[in-house]
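Right, one structure below, let's go through it.
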Amino acid sequence: MLTRKQFELLRFIQERLRETGVPPSFDEMKDALDLRSKSGIHRLIMALEERGFIRRLPNRARALEVIKMPEGGGGPQAPRARFSPSVVQGGLGKAKPPAPEEDIRSMVAIPVMGRIAAGTPISAIQSRSHNVSMPADMLGGGEHYALEVRGDSMVEAGILDGDTVVIRRQDTANTGDIVVALIDDEEATLKRLRKRGSSIALEAANPAYETRVLGPDRVKIQGRLVNLFRRY
């Protein structure tokens with residue numbers, strides 16, 4: 001038997017994993033459950049793990065796997081993430097609403113546009129090298145591209161060195177989004193966006209890396225993370 005908060009957290013983790021393939025951060029879980037501190041999230045996660053509903057994956061900071069849901073699935077709904085998948089088809093990730101006869105599991109080719117740094121920024125996005133295929137119903141509307149991750153600055157967000165991230169091309173983002181940020185038209189990096197007054201903070205998900213706070217004229221948003229691939 002789970003408490004209301006335990007169930008809300010379990011549902012939130014499950015929905016985020018299903019929609020993005022990336023577990024939510026502790027900050028996102030705290031905000032979703034309207035808690036004042038991350039210590040409450042730690043206690044809830046420990047309780048869910050002790051009851052066999054989730055498992056913490058080894059060698060991955062704060063990476064979680066949902067093992068089961070309560071029988072009957074009853075309980076309050078947790079707030080949903082901002083992702084809203086729709087059917088995508090076309091050669092370069094262009095999205096459109098599905099026609100009734102379309103196969104919802106059709107595949108779409110996503111162009112891989114080089115590498116992105118999850119650590120020290122590297123050169124800006126390059127030209128297409130190859131494509132990766134992804135089920136259309138795991139993407140939302142818009143145009144998408146993919147980048148290969150290099151570095152470990154986003155490990156606590158479940159993004160590892162060697163992962164391939166899928167990015168929705170857009171030039172705006174909300175606080176808390178994981179974005180591709182182009183700095184001074186020269187360096188590209190994958191970081192969590194935080195708006196601090198008139199400044200922009202690019203926040204790592206690894207305490208070994210410092211947060212960079214920059215003026216808005218120095219940062220251009222090139223897209224928002226929507227999914228990722230991992231090689232095993």
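FYI, nothing fancy with the structure tokens labels: chains A, B, ... in order, residues from 1 per chain, ligands from 1 as they appear.
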- Fewer than 4 positions away in the same chain doesn't count, so skip those; otherwise give me all residues within 7 Å of Arg115 of chain A, counting only C-alpha atoms, as a ChimeraX atom specification. /A:147-150
Could you write out that same residue set with all heavy atoms as a tab-separated table (two decimals), in the first residue's frame?
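Result written to out39.tsv:
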chain	number	residue	atom	x	y	z
A	147	LEU	N	22.21	14.08	-31.77
A	147	LEU	CA	23.61	14.39	-31.50
A	147	LEU	C	24.20	13.31	-30.59
A	147	LEU	O	23.51	12.79	-29.71
A	147	LEU	CB	23.74	15.75	-30.81
A	147	LEU	CG	23.32	16.98	-31.62
A	147	LEU	CD1	23.15	18.18	-30.70
A	147	LEU	CD2	24.32	17.29	-32.71
A	148	GLU	N	25.46	12.99	-30.81
A	148	GLU	CA	26.16	12.03	-29.96
A	148	GLU	C	26.78	12.75	-28.77
A	148	GLU	O	27.47	13.75	-28.94
A	148	GLU	CB	27.23	11.30	-30.77
A	148	GLU	CG	26.65	10.46	-31.90
A	148	GLU	CD	27.72	9.84	-32.78
A	148	GLU	OE1	28.91	10.21	-32.63
A	148	GLU	OE2	27.38	8.99	-33.60
A	149	VAL	N	26.52	12.26	-27.57
A	149	VAL	CA	26.96	12.93	-26.35
A	149	VAL	C	28.41	12.56	-26.02
A	149	VAL	O	28.79	11.39	-26.07
A	149	VAL	CB	26.05	12.54	-25.16
A	149	VAL	CG1	26.58	13.12	-23.85
A	149	VAL	CG2	24.63	13.01	-25.42
A	150	ARG	N	29.19	13.56	-25.70
A	150	ARG	CA	30.55	13.35	-25.22
A	150	ARG	C	30.71	14.07	-23.88
A	150	ARG	O	30.50	15.27	-23.79
A	150	ARG	CB	31.57	13.90	-26.23
A	150	ARG	CG	31.62	13.09	-27.52
A	150	ARG	CD	32.15	11.69	-27.27
A	150	ARG	NE	32.16	10.87	-28.48
A	150	ARG	CZ	31.18	10.04	-28.83
A	150	ARG	NH1	30.11	9.94	-28.07
A	150	ARG	NH2	31.27	9.33	-29.92
Give me the residues near segment 155-162 of chain A as a short mmCIF file (atom, residue, chain, number, x, y, z; two decimals) with all heavy atoms, in the first residue's frame, where near means some atom within 8 Å (using only C-alpha atoms) and where sequence neighbours in that chain fewer than 3 positions away do not count.
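Output file around02.cif is given in full below:
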data_model
loop_
_atom_site.label_atom_id
_atom_site.label_comp_id
_atom_site.auth_asym_id
_atom_site.auth_seq_id
_atom_site.Cartn_x
_atom_site.Cartn_y
_atom_site.Cartn_z
N VAL A 22 14.28 9.25 -20.29
CA VAL A 22 15.23 9.81 -19.32
C VAL A 22 14.52 9.97 -17.97
O VAL A 22 13.45 10.57 -17.91
CB VAL A 22 15.76 11.19 -19.78
CG1 VAL A 22 16.74 11.74 -18.78
CG2 VAL A 22 16.39 11.08 -21.15
N PRO A 23 15.09 9.44 -16.88
CA PRO A 23 14.45 9.63 -15.59
C PRO A 23 14.47 11.09 -15.18
O PRO A 23 15.41 11.82 -15.52
CB PRO A 23 15.28 8.76 -14.63
CG PRO A 23 16.53 8.45 -15.33
CD PRO A 23 16.33 8.64 -16.79
N PRO A 24 13.47 11.56 -14.44
CA PRO A 24 13.47 12.95 -14.00
C PRO A 24 14.56 13.20 -12.97
O PRO A 24 14.98 12.30 -12.23
CB PRO A 24 12.08 13.12 -13.38
CG PRO A 24 11.68 11.75 -12.95
CD PRO A 24 12.28 10.82 -13.96
N SER A 25 15.03 14.44 -12.91
CA SER A 25 16.01 14.82 -11.90
C SER A 25 15.31 14.99 -10.55
O SER A 25 14.08 15.07 -10.48
CB SER A 25 16.68 16.13 -12.29
OG SER A 25 15.75 17.21 -12.20
N ARG A 60 25.11 4.58 -12.21
CA ARG A 60 24.43 5.71 -12.86
C ARG A 60 23.76 6.54 -11.77
O ARG A 60 22.82 6.09 -11.13
CB ARG A 60 23.38 5.23 -13.86
CG ARG A 60 23.94 4.59 -15.10
CD ARG A 60 22.86 4.02 -15.97
NE ARG A 60 21.86 5.02 -16.29
CZ ARG A 60 20.69 4.73 -16.85
NH1 ARG A 60 20.38 3.49 -17.12
NH2 ARG A 60 19.83 5.70 -17.13
N ALA A 61 24.26 7.73 -11.56
CA ALA A 61 23.75 8.57 -10.48
C ALA A 61 22.27 8.90 -10.70
O ALA A 61 21.90 9.41 -11.75
CB ALA A 61 24.56 9.85 -10.39
N ARG A 62 21.45 8.58 -9.70
CA ARG A 62 20.04 8.91 -9.69
C ARG A 62 19.26 8.33 -10.86
O ARG A 62 18.19 8.83 -11.21
CB ARG A 62 19.83 10.43 -9.65
CG ARG A 62 20.39 11.08 -8.39
CD ARG A 62 20.12 12.56 -8.36
NE ARG A 62 20.75 13.16 -7.22
CZ ARG A 62 20.82 14.47 -7.01
NH1 ARG A 62 20.28 15.30 -7.86
NH2 ARG A 62 21.42 14.95 -5.95
N ALA A 63 19.80 7.29 -11.52
CA ALA A 63 19.07 6.65 -12.61
C ALA A 63 18.12 5.62 -12.01
O ALA A 63 18.52 4.79 -11.19
CB ALA A 63 20.04 5.99 -13.58
N ALA A 118 28.62 17.16 -23.23
CA ALA A 118 28.04 17.19 -21.89
C ALA A 118 29.23 17.31 -20.96
O ALA A 118 29.63 16.37 -20.29
CB ALA A 118 27.22 15.94 -21.61
N GLU A 148 25.46 12.99 -30.81
CA GLU A 148 26.16 12.03 -29.96
C GLU A 148 26.78 12.75 -28.77
O GLU A 148 27.47 13.75 -28.94
CB GLU A 148 27.23 11.30 -30.77
CG GLU A 148 26.65 10.46 -31.90
CD GLU A 148 27.72 9.84 -32.78
OE1 GLU A 148 28.91 10.21 -32.63
OE2 GLU A 148 27.38 8.99 -33.60
N VAL A 149 26.52 12.26 -27.57
CA VAL A 149 26.96 12.93 -26.35
C VAL A 149 28.41 12.56 -26.02
O VAL A 149 28.79 11.39 -26.07
CB VAL A 149 26.05 12.54 -25.16
CG1 VAL A 149 26.58 13.12 -23.85
CG2 VAL A 149 24.63 13.01 -25.42
N ARG A 150 29.19 13.56 -25.70
CA ARG A 150 30.55 13.35 -25.22
C ARG A 150 30.71 14.07 -23.88
O ARG A 150 30.50 15.27 -23.79
CB ARG A 150 31.57 13.90 -26.23
CG ARG A 150 31.62 13.09 -27.52
CD ARG A 150 32.15 11.69 -27.27
NE ARG A 150 32.16 10.87 -28.48
CZ ARG A 150 31.18 10.04 -28.83
NH1 ARG A 150 30.11 9.94 -28.07
NH2 ARG A 150 31.27 9.33 -29.92
N GLY A 151 31.06 13.32 -22.84
CA GLY A 151 31.25 13.91 -21.52
C GLY A 151 30.27 13.37 -20.50
O GLY A 151 29.34 12.63 -20.83
N ASP A 152 30.48 13.76 -19.24
CA ASP A 152 29.68 13.19 -18.15
C ASP A 152 29.01 14.26 -17.29
O ASP A 152 28.61 13.99 -16.16
CB ASP A 152 30.58 12.33 -17.26
CG ASP A 152 31.72 13.12 -16.61
OD1 ASP A 152 31.88 14.32 -16.92
OD2 ASP A 152 32.45 12.53 -15.79
N ALA A 205 24.36 18.50 -14.63
CA ALA A 205 23.75 17.54 -13.71
C ALA A 205 24.84 16.63 -13.17
O ALA A 205 24.76 15.41 -13.21
CB ALA A 205 22.65 16.74 -14.43
N ASN A 206 25.88 17.27 -12.69
CA ASN A 206 27.03 16.58 -12.11
C ASN A 206 27.74 17.62 -11.24
O ASN A 206 28.16 18.67 -11.74
CB ASN A 206 27.96 16.07 -13.22
CG ASN A 206 29.15 15.30 -12.68
OD1 ASN A 206 29.58 15.48 -11.54
ND2 ASN A 206 29.71 14.42 -13.50
N ARG A 230 20.58 4.56 -26.37
CA ARG A 230 21.75 4.10 -25.64
C ARG A 230 22.21 2.76 -26.21
O ARG A 230 21.40 1.88 -26.47
CB ARG A 230 21.46 3.95 -24.15
CG ARG A 230 22.63 3.38 -23.35
CD ARG A 230 22.45 3.63 -21.87
NE ARG A 230 22.41 5.06 -21.61
CZ ARG A 230 21.65 5.62 -20.68
NH1 ARG A 230 20.86 4.87 -19.93
NH2 ARG A 230 21.66 6.92 -20.51
N ARG A 231 23.50 2.63 -26.42
CA ARG A 231 24.07 1.37 -26.90
C ARG A 231 24.47 0.52 -25.70
O ARG A 231 25.13 0.99 -24.79
CB ARG A 231 25.31 1.63 -27.77
CG ARG A 231 24.99 2.37 -29.06
CD ARG A 231 26.27 2.64 -29.82
NE ARG A 231 26.01 3.38 -31.05
CZ ARG A 231 26.97 3.82 -31.87
NH1 ARG A 231 28.23 3.58 -31.58
NH2 ARG A 231 26.65 4.50 -32.95
#
- Message: With only C-alpha atoms as the counted atoms, please give the residues lying no more than 12 Å from Ser129 of chain A, apart from itself and same-chain residues fewer than 6 positions off, as an MDAnalysis selection string.
- Response: chainID A and resid 110:115 145:148
Sorted by chain and rising residue number, list the residues of segment 95-204 of chain A at most 9 Å from segment 216-228 of chain A (counting only C-alpha atoms), each with its closest atom pair and distance in Å to one decimal, as a Markdown table.
| residue | atom | partner | partner_atom | distance |
| --- | --- | --- | --- | --- |
| A:Met138 | CA | A:Asn227 | CA | 8.1 |
| A:Leu139 | CA | A:Val226 | CA | 7.4 |
| A:Gly140 | CA | A:Val226 | CA | 8.3 |
| A:His144 | CA | A:Gly223 | CA | 8.5 |
| A:Tyr145 | CA | A:Gly223 | CA | 8.9 |
| A:Ala146 | CA | A:Leu228 | CA | 8.5 |
| A:Ile159 | CA | A:Leu228 | CA | 8.1 |
| A:Asp163 | CA | A:Leu228 | CA | 6.7 |
| A:Thr164 | CA | A:Leu228 | CA | 5.5 |
| A:Val165 | CA | A:Leu228 | CA | 4.1 |
| A:Val166 | CA | A:Asn227 | CA | 5.0 |
| A:Ile167 | CA | A:Leu225 | CA | 4.6 |
| A:Arg168 | CA | A:Gly223 | CA | 5.2 |
| A:Arg169 | CA | A:Gly223 | CA | 4.2 |
| A:Gln170 | CA | A:Gly223 | CA | 4.6 |
| A:Asp171 | CA | A:Ile221 | CA | 4.7 |
| A:Thr172 | CA | A:Ile221 | CA | 5.9 |
| A:Ala173 | CA | A:Arg224 | CA | 7.0 |
| A:Asp177 | CA | A:Arg224 | CA | 6.7 |
| A:Ile178 | CA | A:Leu225 | CA | 5.6 |
| A:Val179 | CA | A:Arg224 | CA | 4.4 |
| A:Val180 | CA | A:Gln222 | CA | 5.3 |
| A:Ala181 | CA | A:Ile221 | CA | 4.8 |
| A:Leu182 | CA | A:Lys220 | CA | 5.1 |
| A:Ile183 | CA | A:Val219 | CA | 4.8 |
| A:Asp184 | CA | A:Arg218 | CA | 4.9 |
| A:Asp185 | CA | A:Lys220 | CA | 7.7 |
| A:Ala188 | CA | A:Gln222 | CA | 9.0 |
| A:Leu190 | CA | A:Leu225 | CA | 8.8 |
| A:Ser198 | CA | A:Pro216 | CA | 7.1 |
| A:Ser199 | CA | A:Pro216 | CA | 5.8 |
| A:Ile200 | CA | A:Pro216 | CA | 6.0 |
- Query: Between A:Glu203, A:Glu186, A:Glu65, A:Glu8, which one has atoms that come closest to Asp31 of chain A, using only C-alpha atoms?
  - Reply: A:Glu8
- Pick out the residues sitting within 12 Å of Glu210 of chain A, and hand them over as a list in words; count only C-alpha atoms, and ignore anything fewer than 5 positions along from it in its own chain. Gly119, Thr120, Ser153, Met154, Lys191, Ala201, Leu202, Glu203, Ala204 and Ala205 of chain A
Expected file: the selected residues, all heavy atoms, as a compact mmCIF listing (two decimals), in the first residue's frame:
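See part-v2.txt below for the written result:
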# COMPACT_ATOMS: atom_id res chain seq x y z
N GLY A 119 29.82 18.46 -20.95
CA GLY A 119 31.07 18.73 -20.24
C GLY A 119 31.58 20.07 -20.74
O GLY A 119 30.84 21.03 -20.85
N THR A 120 32.84 20.12 -21.14
CA THR A 120 33.39 21.34 -21.72
C THR A 120 32.82 21.54 -23.12
O THR A 120 32.83 20.62 -23.92
CB THR A 120 34.91 21.25 -21.80
OG1 THR A 120 35.44 20.99 -20.49
CG2 THR A 120 35.51 22.54 -22.31
N SER A 153 28.82 15.45 -17.83
CA SER A 153 28.26 16.52 -16.99
C SER A 153 26.77 16.37 -16.76
O SER A 153 26.21 17.08 -15.92
CB SER A 153 28.54 17.89 -17.61
OG SER A 153 27.74 18.10 -18.76
N MET A 154 26.09 15.45 -17.48
CA MET A 154 24.63 15.31 -17.33
C MET A 154 24.24 13.94 -16.80
O MET A 154 23.11 13.49 -16.98
CB MET A 154 23.95 15.57 -18.68
CG MET A 154 24.16 16.97 -19.23
SD MET A 154 23.59 18.28 -18.12
CE MET A 154 21.81 18.05 -18.21
N LYS A 191 22.97 21.24 -21.71
CA LYS A 191 22.84 21.60 -20.30
C LYS A 191 21.37 21.88 -19.97
O LYS A 191 20.54 22.07 -20.86
CB LYS A 191 23.66 22.85 -19.98
CG LYS A 191 25.16 22.67 -20.07
CD LYS A 191 25.69 21.78 -18.97
CE LYS A 191 27.21 21.67 -19.00
NZ LYS A 191 27.71 20.95 -20.17
N ALA A 201 21.41 30.71 -17.03
CA ALA A 201 22.32 29.77 -16.40
C ALA A 201 22.25 28.45 -17.14
O ALA A 201 21.17 27.93 -17.41
CB ALA A 201 21.96 29.58 -14.93
N LEU A 202 23.40 27.90 -17.50
CA LEU A 202 23.51 26.58 -18.11
C LEU A 202 24.04 25.65 -17.05
O LEU A 202 25.22 25.71 -16.66
CB LEU A 202 24.43 26.64 -19.33
CG LEU A 202 23.95 27.57 -20.46
CD1 LEU A 202 24.97 27.62 -21.59
CD2 LEU A 202 22.58 27.15 -20.98
N GLU A 203 23.17 24.78 -16.57
CA GLU A 203 23.42 24.00 -15.35
C GLU A 203 23.74 22.55 -15.69
O GLU A 203 22.99 21.88 -16.40
CB GLU A 203 22.18 24.08 -14.47
CG GLU A 203 22.25 23.34 -13.16
CD GLU A 203 20.96 23.51 -12.40
OE1 GLU A 203 20.78 24.54 -11.74
OE2 GLU A 203 20.09 22.61 -12.48
N ALA A 204 24.86 22.05 -15.16
CA ALA A 204 25.22 20.65 -15.32
C ALA A 204 24.42 19.79 -14.34
O ALA A 204 23.86 20.29 -13.36
CB ALA A 204 26.71 20.46 -15.08
N ALA A 205 24.36 18.50 -14.63
CA ALA A 205 23.75 17.54 -13.71
C ALA A 205 24.84 16.63 -13.17
O ALA A 205 24.76 15.41 -13.21
CB ALA A 205 22.65 16.74 -14.43
- Task: For Met69 of chain A, please output as a count of residues only all residues within 12 Å (counting only C-alpha atoms; exclusion window: fewer than 4 positions along the same chain).
- Result: 21
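Counting from atom CA of Met107 of chain A, the distance to atom CA of Glu19 of chain A is 16.3 Å.
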- Mind checking which residues fall within 12 Å of Arg43 of chain A, counting only C-alpha atoms, ignoring those fewer than 4 positions away in the same chain, and posting them as a list in words? Lys5, Gln6, Leu9, Phe26, Lys30, Leu35, Ser37, Lys38, Ser39, Ala47, Leu48, Glu49 and Glu50 of chain A
- Query: Using the chain letters and numbers from this document, which residues of segment 104-166 of chain A does DSSP assign to strand (DSSP E or B), as a count of residues only?
  - Reply: 30
